[in-house]
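This is entry_36.txt. It holds compact mmCIF, C-alpha atoms.
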```
# COMPACT_ATOMS: atom_id res chain seq x y z
CA MET A 1 0.00 0.00 0.00
CA THR A 2 1.38 3.41 -0.96
CA SER A 3 2.16 5.69 1.95
CA LEU A 4 3.52 9.17 2.65
CA ALA A 5 5.53 10.52 5.56
CA LEU A 6 3.56 12.03 8.43
CA LEU A 7 5.82 15.09 8.13
CA PRO A 8 7.90 15.43 4.93
CA ARG A 9 11.09 16.78 6.50
CA SER A 10 14.56 15.43 7.12
CA ASP A 11 16.22 17.82 9.61
CA TRP A 12 15.15 16.54 13.01
CA ASN A 13 16.53 19.67 14.71
CA ALA A 14 14.59 22.09 12.50
CA THR A 15 11.99 24.28 14.21
CA VAL A 16 8.53 23.34 12.96
CA ALA A 17 6.41 25.28 15.47
CA TRP A 18 6.38 27.50 18.51
CA HIS A 19 4.50 26.78 21.71
CA ALA A 20 4.42 28.58 25.07
CA GLY A 21 7.26 30.83 23.92
CA GLN A 22 9.57 27.96 22.98
CA ALA A 23 10.68 26.58 19.63
CA VAL A 24 9.53 23.01 18.93
CA SER A 25 11.82 20.83 16.82
CA LEU A 26 10.67 18.20 14.36
CA ALA A 27 11.93 15.48 16.72
CA ALA A 28 10.03 16.95 19.68
CA PHE A 29 6.83 17.32 17.66
CA VAL A 30 6.94 13.69 16.52
CA ARG A 31 7.62 12.63 20.12
CA ASP A 32 4.52 14.54 21.27
CA ILE A 33 2.47 12.99 18.44
CA ARG A 34 3.49 9.44 19.30
CA ALA A 35 2.73 9.92 23.00
CA LEU A 36 -0.79 11.23 22.34
CA ALA A 37 -1.52 8.66 19.62
CA ALA A 38 -0.92 5.88 22.13
CA GLN A 39 -3.88 7.20 24.16
CA LEU A 40 -6.33 7.16 21.25
CA PRO A 41 -8.50 4.26 20.05
CA GLU A 42 -7.14 2.48 16.96
CA GLN A 43 -10.35 3.29 15.10
CA GLY A 44 -13.26 5.65 15.56
CA GLN A 45 -13.59 9.42 15.63
CA VAL A 46 -12.50 12.42 17.66
CA ILE A 47 -13.64 16.02 17.58
CA ASN A 48 -10.74 18.45 18.02
CA LEU A 49 -11.75 21.43 20.19
CA CYS A 50 -8.26 22.80 20.90
CA SER A 51 -7.96 26.54 20.25
CA ASP A 52 -4.17 26.55 20.71
CA ARG A 53 -3.01 25.82 17.16
CA TYR A 54 -0.02 23.72 18.27
CA LEU A 55 -2.17 21.51 20.49
CA PHE A 56 -4.75 21.26 17.71
CA ALA A 57 -2.00 20.13 15.33
CA LEU A 58 -0.77 17.65 17.91
CA GLY A 59 -4.28 16.20 18.23
CA PHE A 60 -4.81 16.00 14.47
CA PHE A 61 -1.48 14.35 13.64
CA ALA A 62 -1.82 11.93 16.57
CA ALA A 63 -5.26 10.87 15.32
CA THR A 64 -3.89 10.55 11.78
CA LEU A 65 -1.09 8.30 13.01
CA ARG A 66 -3.48 6.18 15.06
CA GLY A 67 -6.04 5.80 12.27
CA THR A 68 -8.72 7.80 14.08
CA ILE A 69 -10.81 10.20 11.98
CA THR A 70 -10.88 13.85 13.10
CA LEU A 71 -14.32 15.44 12.81
CA LEU A 72 -14.17 19.18 12.15
CA PRO A 73 -17.57 20.87 12.27
CA ASN A 74 -17.39 24.50 11.22
CA ALA A 75 -19.04 25.58 14.47
CA VAL A 76 -19.96 23.73 17.63
CA SER A 77 -23.32 23.87 19.36
CA ALA A 78 -25.47 21.65 21.54
CA GLU A 79 -27.33 20.53 18.41
CA MET A 80 -24.08 19.67 16.60
CA TYR A 81 -22.70 17.74 19.59
CA ALA A 82 -25.93 15.75 19.85
CA ARG A 83 -26.01 14.97 16.13
CA LEU A 84 -22.39 13.82 16.01
CA HIS A 85 -22.67 11.80 19.20
CA SER A 86 -25.77 10.07 17.83
CA GLU A 87 -23.94 9.20 14.61
CA PHE A 88 -20.68 8.23 16.35
CA PRO A 89 -21.45 6.79 19.83
CA GLN A 90 -17.73 6.32 20.69
CA LEU A 91 -16.84 9.91 19.79
CA GLN A 92 -14.25 11.60 22.03
CA ALA A 93 -13.39 15.28 22.37
CA LEU A 94 -9.78 16.44 22.28
CA THR A 95 -9.44 19.44 24.58
CA GLU A 96 -6.63 21.52 26.07
CA ILE A 97 -8.57 22.61 29.16
CA ALA A 98 -11.78 21.53 30.82
CA CYS A 99 -14.60 22.82 28.65
CA ASP A 100 -18.20 22.22 27.66
CA ALA A 101 -17.84 19.37 25.19
CA GLY A 102 -21.53 18.63 24.98
CA GLY A 103 -21.28 15.67 27.35
CA LEU A 104 -18.64 13.89 25.24
CA PRO A 105 -15.78 12.09 27.02
CA GLU A 106 -12.70 14.32 26.95
CA LEU A 107 -9.06 13.51 26.33
CA ARG A 108 -6.73 16.30 27.42
CA VAL A 109 -4.06 17.22 24.86
CA GLY A 110 -0.65 18.24 26.17
CA ARG A 111 3.05 18.01 25.54
CA THR A 112 5.37 15.28 26.76
CA PRO A 113 8.17 16.07 29.27
CA ASP A 114 11.30 17.61 27.78
CA ASP A 115 13.43 14.73 29.07
CA ALA A 116 11.40 12.09 27.21
CA PRO A 117 13.48 10.27 24.56
CA LEU A 118 13.57 11.62 21.01
CA LEU A 119 13.29 8.96 18.28
CA GLN A 120 14.37 9.88 14.76
CA ASP A 121 11.90 7.60 13.01
CA MET A 122 9.25 9.19 10.78
CA PRO A 123 5.87 7.40 10.69
CA GLN A 124 4.34 6.59 7.29
CA ILE A 125 0.60 7.04 6.60
CA PRO A 126 -1.35 5.13 3.89
CA VAL A 127 -2.42 7.59 1.18
CA ASP A 128 -5.99 6.24 1.10
CA ARG A 129 -6.55 6.60 4.86
CA VAL A 130 -9.46 8.93 5.68
CA VAL A 131 -7.98 11.31 8.24
CA ALA A 132 -10.52 14.14 8.47
CA ARG A 133 -14.20 14.82 7.97
CA LEU A 134 -14.87 18.52 7.49
CA TYR A 135 -18.29 20.15 7.39
CA THR A 136 -19.44 23.02 5.20
CA SER A 137 -20.13 26.37 6.85
CA GLY A 138 -23.89 26.20 6.61
CA SER A 139 -24.03 29.58 4.86
CA THR A 140 -26.63 28.13 2.47
CA GLY A 141 -28.28 25.61 4.79
CA VAL A 142 -27.40 22.51 6.85
CA PRO A 143 -23.61 21.79 7.08
CA GLN A 144 -22.58 18.83 4.91
CA PRO A 145 -19.70 16.41 5.68
CA HIS A 146 -16.75 15.77 3.34
CA ASP A 147 -14.05 13.16 3.95
CA LYS A 148 -10.38 13.86 3.22
CA THR A 149 -7.79 11.15 2.60
CA TRP A 150 -4.16 11.60 3.59
CA GLY A 151 -2.75 11.45 0.06
CA LYS A 152 -5.18 14.00 -1.37
CA LEU A 153 -4.80 16.30 1.63
CA VAL A 154 -1.01 16.35 1.30
CA ALA A 155 -1.29 16.95 -2.46
CA ASN A 156 -3.63 19.87 -1.77
CA ILE A 157 -1.15 21.54 0.58
CA LEU A 158 1.85 21.01 -1.70
CA ALA A 159 -0.08 22.55 -4.62
CA ALA A 160 -1.01 25.52 -2.44
CA ALA A 161 2.58 25.92 -1.25
CA GLU A 162 3.88 25.94 -4.82
CA ALA A 163 1.54 28.82 -5.66
CA GLN A 164 1.88 30.77 -2.41
CA TRP A 165 5.56 30.42 -1.49
CA ALA A 166 6.34 31.72 -5.00
CA TRP A 167 5.53 35.21 -3.66
CA THR A 168 7.96 34.93 -0.71
CA PRO A 169 11.69 34.39 -0.11
CA GLY A 170 10.80 30.90 1.09
CA PRO A 171 8.48 28.98 3.44
CA CYS A 172 7.12 31.29 6.13
CA SER A 173 6.28 31.45 9.78
CA VAL A 174 2.48 31.41 9.65
CA LEU A 175 0.03 33.23 11.94
CA GLY A 176 -3.72 32.77 11.52
CA THR A 177 -6.68 34.85 12.70
CA VAL A 178 -8.98 31.99 11.62
CA PRO A 179 -9.65 28.80 13.61
CA ALA A 180 -7.99 25.54 12.61
CA GLN A 181 -11.39 23.81 12.61
CA HIS A 182 -12.43 25.69 9.47
CA MET A 183 -11.24 24.32 6.08
CA PHE A 184 -9.34 27.50 5.18
CA GLY A 185 -7.70 27.74 8.59
CA PHE A 186 -7.01 24.00 8.63
CA GLU A 187 -5.23 24.16 5.26
CA SER A 188 -3.44 27.50 5.41
CA SER A 189 -2.65 28.19 9.07
CA LEU A 190 -1.88 24.62 10.14
CA LEU A 191 -1.09 22.19 7.32
CA LEU A 192 0.70 24.69 5.06
CA PRO A 193 3.51 25.44 7.55
CA LEU A 194 3.82 21.87 8.83
CA LEU A 195 3.70 20.04 5.49
CA ALA A 196 5.44 22.64 3.32
CA GLY A 197 8.50 23.72 5.27
CA GLY A 198 7.14 26.64 7.29
CA VAL A 199 6.80 27.28 11.02
CA LEU A 200 3.45 27.08 12.82
CA GLN A 201 2.49 29.82 15.29
CA PRO A 202 0.06 28.69 18.02
CA GLU A 203 -1.90 31.90 18.62
CA ARG A 204 -5.18 32.99 17.07
CA PRO A 205 -5.19 36.72 17.91
CA PHE A 206 -8.42 38.63 17.49
CA PHE A 207 -7.81 42.26 18.51
CA PRO A 208 -5.72 44.33 16.06
CA ALA A 209 -3.05 45.17 18.65
CA ASP A 210 -2.65 41.47 19.44
CA VAL A 211 -2.32 40.60 15.74
CA ALA A 212 0.40 43.23 15.32
CA ALA A 213 2.26 42.06 18.44
CA ALA A 214 2.14 38.40 17.38
CA LEU A 215 3.47 39.28 13.91
CA ALA A 216 6.29 41.38 15.39
CA ALA A 217 7.41 38.43 17.52
CA MET A 218 7.73 36.12 14.51
CA PRO A 219 10.89 35.63 12.46
CA ARG A 220 10.77 36.49 8.77
CA PRO A 221 9.58 35.57 6.26
CA ARG A 222 6.15 36.09 7.83
CA CYS A 223 2.72 35.05 6.58
CA LEU A 224 -0.66 36.21 7.89
CA VAL A 225 -3.65 33.97 7.18
CA THR A 226 -6.85 35.99 7.55
CA THR A 227 -10.27 36.91 6.16
CA PRO A 228 -11.53 40.12 4.51
CA PHE A 229 -13.55 40.90 7.66
CA HIS A 230 -10.55 40.46 9.99
CA LEU A 231 -8.27 42.31 7.57
CA ARG A 232 -10.55 45.32 7.36
CA THR A 233 -10.84 45.42 11.16
CA LEU A 234 -7.05 45.35 11.49
CA LEU A 235 -6.49 48.15 8.98
CA GLU A 236 -9.22 50.41 10.33
CA ALA A 237 -7.81 50.14 13.87
CA GLY A 238 -4.83 52.21 12.79
CA VAL A 239 -2.27 50.13 14.73
CA ALA A 240 1.27 49.90 13.42
CA VAL A 241 1.74 46.51 11.78
CA PRO A 242 5.23 45.11 11.05
CA GLN A 243 6.27 44.09 7.56
CA VAL A 244 4.58 40.90 6.39
CA ASP A 245 5.94 38.97 3.43
CA LEU A 246 2.65 37.29 2.48
CA ILE A 247 -1.03 37.72 3.34
CA ILE A 248 -3.29 34.78 2.48
CA CYS A 249 -6.95 35.74 2.42
CA ALA A 250 -10.19 33.79 1.84
CA THR A 251 -13.79 33.01 2.97
CA ALA A 252 -15.46 36.02 1.28
CA PRO A 253 -14.97 38.28 -1.75
CA LEU A 254 -12.13 40.77 -1.30
CA SER A 255 -12.17 44.15 -3.01
CA GLN A 256 -9.12 45.42 -4.86
CA GLU A 257 -9.26 48.57 -2.71
CA LEU A 258 -8.94 46.62 0.56
CA ALA A 259 -6.23 44.39 -0.93
CA ALA A 260 -4.24 47.47 -1.98
CA GLN A 261 -4.59 49.03 1.48
CA ALA A 262 -3.34 45.82 3.10
CA GLU A 263 -0.35 45.49 0.79
CA LYS A 264 0.65 49.10 1.42
CA ALA A 265 0.16 48.96 5.20
CA MET A 266 2.18 45.77 5.62
CA ASP A 267 4.55 46.07 2.65
CA ALA A 268 3.27 42.64 1.67
CA VAL A 269 1.98 40.56 -1.21
CA LEU A 270 -1.66 39.61 -0.74
CA CYS A 271 -2.67 36.28 -2.22
CA GLU A 272 -6.37 35.47 -2.34
CA ILE A 273 -7.52 31.84 -2.25
CA TYR A 274 -10.45 30.26 -4.09
CA GLY A 275 -11.78 26.95 -2.85
CA SER A 276 -14.36 25.21 -0.73
CA THR A 277 -14.72 22.51 1.88
CA GLU A 278 -15.64 20.10 -0.92
CA THR A 279 -12.65 20.85 -3.17
CA GLY A 280 -10.03 22.33 -0.89
CA GLN A 281 -8.01 25.18 -2.37
CA ILE A 282 -8.00 25.08 -6.17
CA ALA A 283 -6.97 28.55 -7.40
CA THR A 284 -5.27 31.76 -6.40
CA ARG A 285 -4.76 35.34 -7.54
CA ARG A 286 -2.96 38.49 -6.50
CA THR A 287 -6.05 40.61 -6.10
CA VAL A 288 -4.44 44.03 -6.66
CA MET A 289 -3.18 42.90 -10.06
CA THR A 290 -6.07 40.95 -11.59
CA ASN A 291 -9.62 39.72 -11.20
CA GLU A 292 -8.65 36.43 -12.87
CA TRP A 293 -8.04 33.28 -10.87
CA GLN A 294 -5.39 30.76 -11.90
CA GLY A 295 -6.06 27.14 -11.03
CA PHE A 296 -3.56 24.83 -9.39
CA LYS A 297 -1.72 22.34 -11.57
CA GLY A 298 -3.73 19.22 -12.29
CA ILE A 299 -7.12 20.85 -11.58
CA THR A 300 -9.50 20.96 -14.55
CA LEU A 301 -12.79 22.81 -14.92
CA HIS A 302 -15.58 21.87 -17.30
CA ASP A 303 -19.21 22.87 -17.77
CA ASP A 304 -22.07 20.40 -17.72
CA ASP A 305 -25.81 20.91 -17.34
CA GLY A 306 -25.45 24.59 -16.46
CA ARG A 307 -22.81 24.07 -13.74
CA THR A 308 -19.03 24.23 -13.64
CA TRP A 309 -17.33 21.10 -12.31
CA ALA A 310 -13.84 20.82 -10.82
CA GLN A 311 -11.86 17.61 -10.78
CA GLY A 312 -8.35 16.17 -10.89
CA GLY A 313 -5.34 16.88 -8.75
CA HIS A 314 -6.14 16.64 -5.03
CA ILE A 315 -9.94 16.74 -5.43
CA GLU A 316 -11.41 13.51 -4.05
CA GLN A 317 -14.14 13.36 -6.73
CA ALA A 318 -15.68 15.70 -9.30
CA VAL A 319 -17.43 18.61 -7.54
CA ALA A 320 -20.03 21.04 -8.89
CA LEU A 321 -18.90 24.53 -7.94
CA GLY A 322 -21.31 26.91 -6.25
CA ASP A 323 -20.23 29.86 -8.37
CA LEU A 324 -20.99 31.18 -11.83
CA ILE A 325 -17.70 30.83 -13.74
CA GLU A 326 -16.52 32.73 -16.80
CA HIS A 327 -13.72 30.71 -18.41
CA ARG A 328 -10.64 32.44 -19.80
CA PRO A 329 -7.87 31.02 -22.05
CA PRO A 330 -5.53 28.77 -20.05
CA ALA A 331 -2.23 30.10 -18.75
CA ASP A 332 1.04 29.23 -20.53
CA SER A 333 1.53 26.54 -17.90
CA GLY A 334 -1.76 24.93 -18.97
CA CYS A 335 -3.47 25.86 -15.71
CA SER A 336 -7.08 27.00 -15.94
CA ARG A 337 -7.98 30.68 -15.66
CA PHE A 338 -11.40 32.07 -14.83
CA VAL A 339 -13.39 34.99 -13.45
CA LEU A 340 -16.10 34.66 -10.82
CA GLN A 341 -19.47 36.16 -11.71
CA GLY A 342 -21.01 35.50 -8.30
CA ARG A 343 -22.36 32.61 -6.28
CA LEU A 344 -25.23 30.75 -7.92
CA SER A 345 -27.20 31.01 -4.67
CA ASP A 346 -26.53 34.78 -4.61
CA MET A 347 -27.84 35.55 -8.09
CA ILE A 348 -31.11 37.46 -7.96
CA ASN A 349 -33.54 38.60 -10.64
CA ILE A 350 -35.99 41.41 -9.92
CA ALA A 351 -38.16 42.88 -12.68
CA GLY A 352 -35.95 41.23 -15.29
CA LYS A 353 -32.76 42.77 -13.90
CA ARG A 354 -30.00 40.54 -12.52
CA THR A 355 -27.23 41.09 -10.00
CA SER A 356 -25.60 39.20 -7.15
CA LEU A 357 -25.81 39.68 -3.41
CA ALA A 358 -21.99 39.57 -3.30
CA TYR A 359 -21.81 42.65 -5.57
CA LEU A 360 -24.43 44.52 -3.55
CA ASN A 361 -22.57 43.70 -0.32
CA THR A 362 -19.34 45.04 -1.83
CA VAL A 363 -21.04 48.31 -2.74
CA LEU A 364 -22.65 48.63 0.69
CA ASN A 365 -19.40 48.02 2.57
CA SER A 366 -17.47 50.46 0.39
CA ILE A 367 -19.54 53.39 1.70
CA GLU A 368 -17.48 55.56 4.01
CA GLY A 369 -18.82 55.21 7.54
CA VAL A 370 -20.24 51.70 7.05
CA VAL A 371 -18.49 49.41 9.52
CA ASP A 372 -20.27 46.27 8.33
CA GLY A 373 -23.28 45.47 6.22
CA VAL A 374 -25.12 42.78 4.29
CA PHE A 375 -28.02 42.58 1.86
CA HIS A 376 -30.68 39.99 2.55
CA GLN A 377 -33.44 38.51 0.41
CA PRO A 378 -36.12 37.19 2.76
CA THR A 379 -38.04 34.05 1.97
CA ASP A 380 -41.44 34.96 0.55
CA GLU A 381 -44.08 32.29 0.70
CA THR A 382 -46.46 34.09 -1.65
CA PRO A 383 -46.38 32.38 -5.08
CA GLY A 384 -45.44 34.70 -7.93
CA ILE A 385 -44.31 37.51 -5.64
CA VAL A 386 -40.62 38.44 -5.52
CA ALA A 387 -39.54 39.45 -2.02
CA ARG A 388 -37.95 42.89 -1.88
CA LEU A 389 -34.35 43.09 -0.76
CA GLY A 390 -33.46 44.35 2.68
CA ALA A 391 -30.13 45.21 4.25
CA PHE A 392 -28.63 45.16 7.72
CA VAL A 393 -25.93 47.72 8.43
CA VAL A 394 -23.56 48.73 11.22
CA ALA A 395 -22.95 52.45 10.70
CA PRO A 396 -23.16 54.44 13.95
CA SER A 397 -22.04 57.72 12.35
CA LEU A 398 -24.50 57.64 9.44
CA LYS A 399 -28.20 58.24 8.88
CA PRO A 400 -30.40 56.08 6.61
CA ALA A 401 -30.51 58.81 3.98
CA ASP A 402 -26.68 58.87 3.81
CA ILE A 403 -26.53 55.18 2.93
CA LEU A 404 -29.47 55.22 0.54
CA ASP A 405 -28.06 58.23 -1.32
CA ALA A 406 -24.70 56.48 -1.72
CA LEU A 407 -26.33 53.27 -2.93
CA ARG A 408 -28.40 55.10 -5.56
CA GLN A 409 -25.18 56.20 -7.22
CA ARG A 410 -24.12 52.61 -7.96
CA ILE A 411 -27.07 50.20 -8.02
CA ASP A 412 -30.34 49.96 -9.92
CA PRO A 413 -33.40 51.29 -8.06
CA VAL A 414 -35.03 47.83 -8.04
CA PHE A 415 -32.23 46.59 -5.76
CA MET A 416 -32.49 49.39 -3.21
CA PRO A 417 -33.01 47.89 0.27
CA ARG A 418 -36.40 48.19 1.91
CA PRO A 419 -36.05 47.91 4.81
CA LEU A 420 -32.63 49.22 5.75
CA VAL A 421 -32.05 47.98 9.29
CA PHE A 422 -29.44 49.51 11.60
CA VAL A 423 -27.87 47.03 14.07
CA THR A 424 -25.00 47.25 16.56
CA GLU A 425 -23.25 44.23 15.01
CA LEU A 426 -23.85 41.37 12.59
CA PRO A 427 -23.87 37.77 13.91
CA ARG A 428 -20.71 36.65 12.09
CA ASN A 429 -19.04 33.39 13.08
CA ASN A 430 -15.33 33.07 13.88
CA THR A 431 -14.36 33.12 10.20
CA GLY A 432 -16.38 36.26 9.52
CA LYS A 433 -19.21 34.45 7.73
CA LEU A 434 -22.94 34.96 8.16
CA THR A 435 -24.61 31.56 8.17
CA HIS A 436 -28.04 30.94 6.69
CA ALA A 437 -29.43 30.22 10.17
CA ALA A 438 -27.96 33.43 11.62
CA MET A 439 -29.47 35.55 8.85
CA GLN A 440 -32.86 33.93 9.20
CA SER A 441 -32.81 34.53 12.94
CA LEU A 442 -31.71 38.15 12.49
CA SER A 443 -34.44 38.75 9.93
CA LYS A 444 -37.13 37.39 12.25
CA ASP A 445 -35.86 39.18 15.35
CA LEU A 446 -35.82 42.59 13.67
CA THR A 447 -39.13 42.50 11.89
CA GLY A 448 -40.62 45.97 12.07
CA LYS A 449 -37.47 47.55 13.57
CA HIS A 450 -36.12 49.14 10.41
CA ALA A 451 -35.17 52.65 9.48
```

Could you express the structure from this file as structure tokens?
Amino acid sequence: MTSLALLPRSDWNATVAWHAGQAVSLAAFVRDIRALAAQLPEQGQVINLCSDRYLFALGFFAATLRGTITLLPNAVSAEMYARLHSEFPQLQALTEIACDAGGLPELRVGRTPDDAPLLQDMPQIPVDRVVARLYTSGSTGVPQPHDKTWGKLVANILAAAEAQWAWTPGPCSVLGTVPAQHMFGFESSLLLPLLAGGVLQPERPFFPADVAAALAAMPRPRCLVTTPFHLRTLLEAGVAVPQVDLIICATAPLSQELAAQAEKAMDAVLCEIYGSTETGQIATRRTVMTNEWQGFKGITLHDDDGRTWAQGGHIEQAVALGDLIEHRPPADSGCSRFVLQGRLSDMINIAGKRTSLAYLNTVLNSIEGVVDGVFHQPTDETPGIVARLGAFVVAPSLKPADILDALRQRIDPVFMPRPLVFVTELPRNNTGKLTHAAMQSLSKDLTGKHA
């Protein structure tokens, strides 16, 4: 059976991560992995709840070595715990501290003593072993599970590294503002440094000053893995941010204006990622330079029955993309090139005029004084009647007329929001997304409270 190394490195003294202010060598990391793996069942499932990125990595690689599948729901709740426990009765929770694990038995994740022996023997993992089950975000409904095998997962990360490290002097120390439980955070803030020669940083800073401090403490080259929402918050805070060699951004559309601001503020290259839980990362672009995406090597796109399908490379099986794709001539390398026209679920048609919610959201959030905002198309149960668009906005310094006047300059009157609802904040999850359930709840709670 074909296998791949658990960690594709040869220098056992090389620093692969930092934890609790100390450098962790490859030999020490493998020692920690082996010690934890011995405590896990040979088969079954675990749910990794560690927020410390090093301990999360330790839990994931230990489960991978043992043959235990790591379940990674995008968000945890009492309902999610109950559903997973019902499906997997022997499910255990990996935790770093005592926490509310929904009644699941807990296994505490921690490091081995420094005086424990170091063995220079790299474990091998079968390429067809299912090592993770990730769940979609639920932004369009109920989260769906997708299994990832070791061989395809490694291929995904190596393809991403080839595209992303090309912008840097070499593999980077990587800091993430996104959780490791999310597909983007899992790939870019955890697997990218560990499987592609970088150095993992354990923190997940939230406040802008903490992000800046964590970056300043890292050796160069430095990489920041973040989202448009987190990036905008960091830039608007006005804190001094040290030079960053690479910014990797995903989870929502990113405007060229925000990308340019980020590159200037951090003297960095910003690389935007296109992908999904189903496909993993499949394309990238430097947003300030082009609106075209270039696919990873080995990934092919083709249209069938009104949808664009992606397959090949690290994709487990052909996947119908959720976006409207405009194909462009392939690059000289043969890699696909394309432009996104919007998410299929976002496309709306009112009075014969079409646009996308993503475009409307970009216009809304570009208005000076708007801190955050989102358009919403409520479900209308009246046959033949198209529900009018509404919008929720965080803009404490503005009046409704200010926003409506600005919108009239850039969007068709049929897409003007009625109602326009002012709120103190939007119910974004820890990756900056607004789930379908959160928007439905917000819409119901604020009925009749609009400006």

Mind giving me the straight-line distance from atom CA of Gln201 of chain A to atom CA of Ile248 of chain A in Å, one decimal?
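Pair atom CA of Gln201 of chain A / atom CA of Ile248 of chain A returns 14.9 Å.
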
Find the spatial neighbours of segment 185-187 of chain A, counting all atoms listed in the file, within a cut-off of 9 Å - ignore same-chain residues fewer than 2 positions away - and output them as a VMD selection string.
chain A and resid 153 156 to 157 160 176 to 183 189 to 192 225 to 226 280 to 281 431

Straight-line distance linking atom CA of Leu224 of chain A with atom CA of Ala252 of chain A, stated in Å to one decimal
16.2 Å

Using only C-alpha atoms: which of A:Val130, A:Pro143, A:Thr70, A:Gly373 has the shortest distance to Thr435 of chain A:
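Closest residue, counting only C-alpha atoms: A:Pro143.
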
Here is a test: counting all atoms listed in the file, which residue of A:Pro117, A:Pro208, A:Pro145, A:Gly390 is nearest to Gly238 of chain A?
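Selected residue with least distance to Gly238 of chain A: A:Pro208.
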
Can you pull out the residues contacting segment 411-420 of chain A? Cut-off 7 Å, using all atoms listed in the file, and skip same-chain residues under 3 positions away; I want them as a ChimeraX atom specification.
/A:350,388-392,407-408,450-451

Which residues come within 9 Å of Asp346 of chain A, counting all atoms listed in the file, excluding same-chain residues fewer than 4 positions away, as a CSV table (one decimal) with C-alpha atoms, in the coordinates of the input?
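Output file part.csv is given in full below:
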```csv
chain,number,residue,atom,x,y,z
A,323,ASP,CA,-20.2,29.9,-8.4
A,342,GLY,CA,-21.0,35.5,-8.3
A,355,THR,CA,-27.2,41.1,-10.0
A,356,SER,CA,-25.6,39.2,-7.2
A,357,LEU,CA,-25.8,39.7,-3.4
A,358,ALA,CA,-22.0,39.6,-3.3
```

Name all residues at most 7 Å from Ser3 of chain A (count only C-alpha atoms; drop same-chain ones fewer than 5 positions away) and give them as a list in words.
Gln124, Ile125, Pro126 and Val127 of chain A

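Between atom CA of Glu106 of chain A and atom CA of Val46 of chain A there is a distance of 9.5 Å.
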
Would you list the contacts of Leu254 of chain A as a PDB file with C-alpha atoms, in the frame of the given file, taking every protein, DNA or RNA residue within 8 Å and counting all atoms listed in the file, but skipping same-chain residues closer than 4 positions in sequence?
```pdb
ATOM      1  CA  PRO A 228     -11.530  40.120   4.510  1.00  0.00           C
ATOM      2  CA  ALA A 250     -10.190  33.790   1.840  1.00  0.00           C
ATOM      3  CA  LEU A 258      -8.940  46.620   0.560  1.00  0.00           C
ATOM      4  CA  ALA A 259      -6.230  44.390  -0.930  1.00  0.00           C
ATOM      5  CA  GLU A 272      -6.370  35.470  -2.340  1.00  0.00           C
ATOM      6  CA  THR A 287      -6.050  40.610  -6.100  1.00  0.00           C
TER       7      THR A 287
END
```

Test item: which residues lie within 7 Å of (3.3, 16.0, 24.4) counting all atoms listed in the file, as an MDAnalysis selection string
chainID A and resid 31:33 35:36 110:113

In terms of only C-alpha atoms, the residue from A:Leu107, A:Ala132, A:Ala209, A:Leu72 at minimal distance from Thr149 of chain A is A:Ala132

Counting only C-alpha atoms, which residues have an atom no more than 8 Å from (5.8, 19.7, 7.5) in the file's coordinates? Please list them as a list in words.
Leu7, Pro8, Arg9, Val16, Leu191, Leu192, Pro193, Leu194, Leu195, Ala196, Gly197 and Gly198 of chain A

Residue nearest Phe229 of chain A - candidates A:Thr362, A:Gln92, A:Gln311, A:Ser188, atoms counted: only C-alpha atoms
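The closest residue to Phe229 of chain A is A:Thr362.
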
Report, as lines of an AutoDock Vina configuration file, the centre and edge lengths in Å (one decimal) of the axis-aligned box enclosing every listed atom of segment 132-136 of chain A, padded by 3 Å on each side.
```
center_x = -15.0
center_y = 18.6
center_z = 6.8
size_x = 14.9
size_y = 14.9
size_z = 9.3
```

Can I get a file of segment 65-90 of chain A from the given structure, C-alpha atoms kept, as a PDB file, in the first residue's frame?
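Output below, filename part08.pdb:
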```
ATOM      1  CA  LEU A  65      -1.090   8.298  13.012  1.00  0.00           C
ATOM      2  CA  ARG A  66      -3.476   6.175  15.057  1.00  0.00           C
ATOM      3  CA  GLY A  67      -6.043   5.801  12.267  1.00  0.00           C
ATOM      4  CA  THR A  68      -8.721   7.802  14.075  1.00  0.00           C
ATOM      5  CA  ILE A  69     -10.810  10.201  11.976  1.00  0.00           C
ATOM      6  CA  THR A  70     -10.877  13.848  13.100  1.00  0.00           C
ATOM      7  CA  LEU A  71     -14.323  15.440  12.805  1.00  0.00           C
ATOM      8  CA  LEU A  72     -14.168  19.175  12.149  1.00  0.00           C
ATOM      9  CA  PRO A  73     -17.573  20.867  12.268  1.00  0.00           C
ATOM     10  CA  ASN A  74     -17.390  24.502  11.225  1.00  0.00           C
ATOM     11  CA  ALA A  75     -19.041  25.576  14.468  1.00  0.00           C
ATOM     12  CA  VAL A  76     -19.965  23.727  17.627  1.00  0.00           C
ATOM     13  CA  SER A  77     -23.325  23.870  19.358  1.00  0.00           C
ATOM     14  CA  ALA A  78     -25.474  21.650  21.540  1.00  0.00           C
ATOM     15  CA  GLU A  79     -27.330  20.528  18.414  1.00  0.00           C
ATOM     16  CA  MET A  80     -24.079  19.673  16.598  1.00  0.00           C
ATOM     17  CA  TYR A  81     -22.704  17.736  19.588  1.00  0.00           C
ATOM     18  CA  ALA A  82     -25.926  15.748  19.845  1.00  0.00           C
ATOM     19  CA  ARG A  83     -26.012  14.968  16.130  1.00  0.00           C
ATOM     20  CA  LEU A  84     -22.391  13.822  16.008  1.00  0.00           C
ATOM     21  CA  HIS A  85     -22.670  11.796  19.201  1.00  0.00           C
ATOM     22  CA  SER A  86     -25.769  10.074  17.829  1.00  0.00           C
ATOM     23  CA  GLU A  87     -23.940   9.204  14.606  1.00  0.00           C
ATOM     24  CA  PHE A  88     -20.682   8.233  16.348  1.00  0.00           C
ATOM     25  CA  PRO A  89     -21.454   6.791  19.828  1.00  0.00           C
ATOM     26  CA  GLN A  90     -17.732   6.319  20.685  1.00  0.00           C
TER      27      GLN A  90
END
```
